[in-house]
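Heads up, the thing below is written out as structure tokens.
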Amino acid sequence: MRIALIKGDGIGPEVINQAVKVLEAVSERFGCGFEYQEVLMGGRAIDETGVPLPAETVDICKKSDAVLLGAVGGPKWDGLAGSLRPEAGLLGIRKALDVFANLRPAVIFPQLKSASTLKEEVLGDGLDIMVVRELTGGAYFGEKKRVDTGHGIKAWDMMVYTSLEIERIARKAFSIAGKRRKKVTIVDKANVLESSRLWREVTGEVSKAYSDVETAYMYVDNAAMQLVRNPGQFDVILTENLFGDILSDEASMLTGSLGMLPSASIGESGVGIFEPIHGSAPDIAGKDIANPLAAILSCGMMLKYGFNMEKEADAVFKAVNSVLDNGYRTVDIMQRGMITVGTEKMGSLVADSMRHNREGMK
Ligand code: NAD
């Protein structure tokens, strides 16, 4: 498997180096063999080539089997114009690879339950939700306009979806649910929005092919409330771009630990982008204190959703669990009585657990 590495800026290189360490341990244990090619994007690309997404990067990513990304951006590049900012690289690579489905798991590790903003009784047995957000349609990409009406300014952003766009992401969400707790909740605003009514029609059709998966519908205002009231009722949440942007942040923050959350963006082309949800954290860059577990868990998602390597993905998850069980924490998830470790050490502990601690793993 060829993996394009975009280490990026700030803590990006630090956490991706640990992720690669763990991938090497996966390779040793399961004999898979990964090849890496480092490419530039974001601030470093601006410094070295003048643009946030060089053509060579796009070319190499397209020829790879997956892209593993750290994070881009930082104060150094904040003053640049929109299309020259590091974030333009992110949007550009998503578009170039046509990744239309963003998968954001919100999982609470039992060892870190106290980090959640929710009360223990609301969390119940824990939290394990997968938010599937449409990434390339809706209001963010529909026609945008401003006109001066003569009585003030009028502006609009069109929320546009085609049945094909809905169908392809619905199929992804239903097949993911089929491998989990077999429930998809489609979140929309069908009482008001025509595009939401189309979502209901199309997802209703798609659901017929997945008879073992339960389908539920929920209005977005209710979903925002239910996420903090009774999150255990959700398995997979499927929703359009704007609602997904908001709900995926809400769901992930319920876990209380930014440094633990991975994500995947996938399409039909087969080259997915796998990245932690956190940014480049310039405030802690270079100090060996960033939590690399989100990047390591992003490798788990790459193995599962990018390469269909279920048992290898499971081993990554178990290795992280085992290290947490043994009491090791980076400062952002530190709890009383536990052992503080830095970025490098945390990466090595997970890699060692992958190599040596198989039978001891929970
Ligand atoms: P951030 O996620 O970088 O940091 C928010 C806070 O969380 C900071 O206090 C940081 O120290 C902490 N934090 C983040 N990741 C951590 C980790 N792994 N371990 C421990 N602590 C961690 O968000 P921000 O401060 O809003 O943004 C900083 C830069 O990152 C900006 O330039 C922003 O544009 C960029 N950004 C990039 C991406 C991306 O590349 N996908 C995403 C979000 C933000």
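Identifiers in the structure tokens: chain A, B, ... in order shown; residue index from 1 per chain; ligand index from 1 in order shown.
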For this session: With only C-alpha atoms and all ligand atoms counted, collect every polymer residue having an atom within 10 Å of ligand 1; state the result as a PyMOL selection string.
Result: chain A and resi 7-12+14-15+41-43+69-78+85-87+89-91+257-261+263+275-285+288-295+330-333+342-343
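CA of Phe141 (chain A) to CA of Asp235 (chain A) spans 27.8 Å [interatomic distance, one decimal].
With only C-alpha atoms as the basis for measurement, A:Cys299 is the residue among A:Val147, A:Thr57, A:His356, A:Cys299 that approaches Phe34 (chain A) most closely.
Candidate residues A:Asn191, A:Thr136, A:Asn308, A:Thr340 were compared for distance to Glu240 (chain A), and the nearest is A:Thr136, using only C-alpha atoms.
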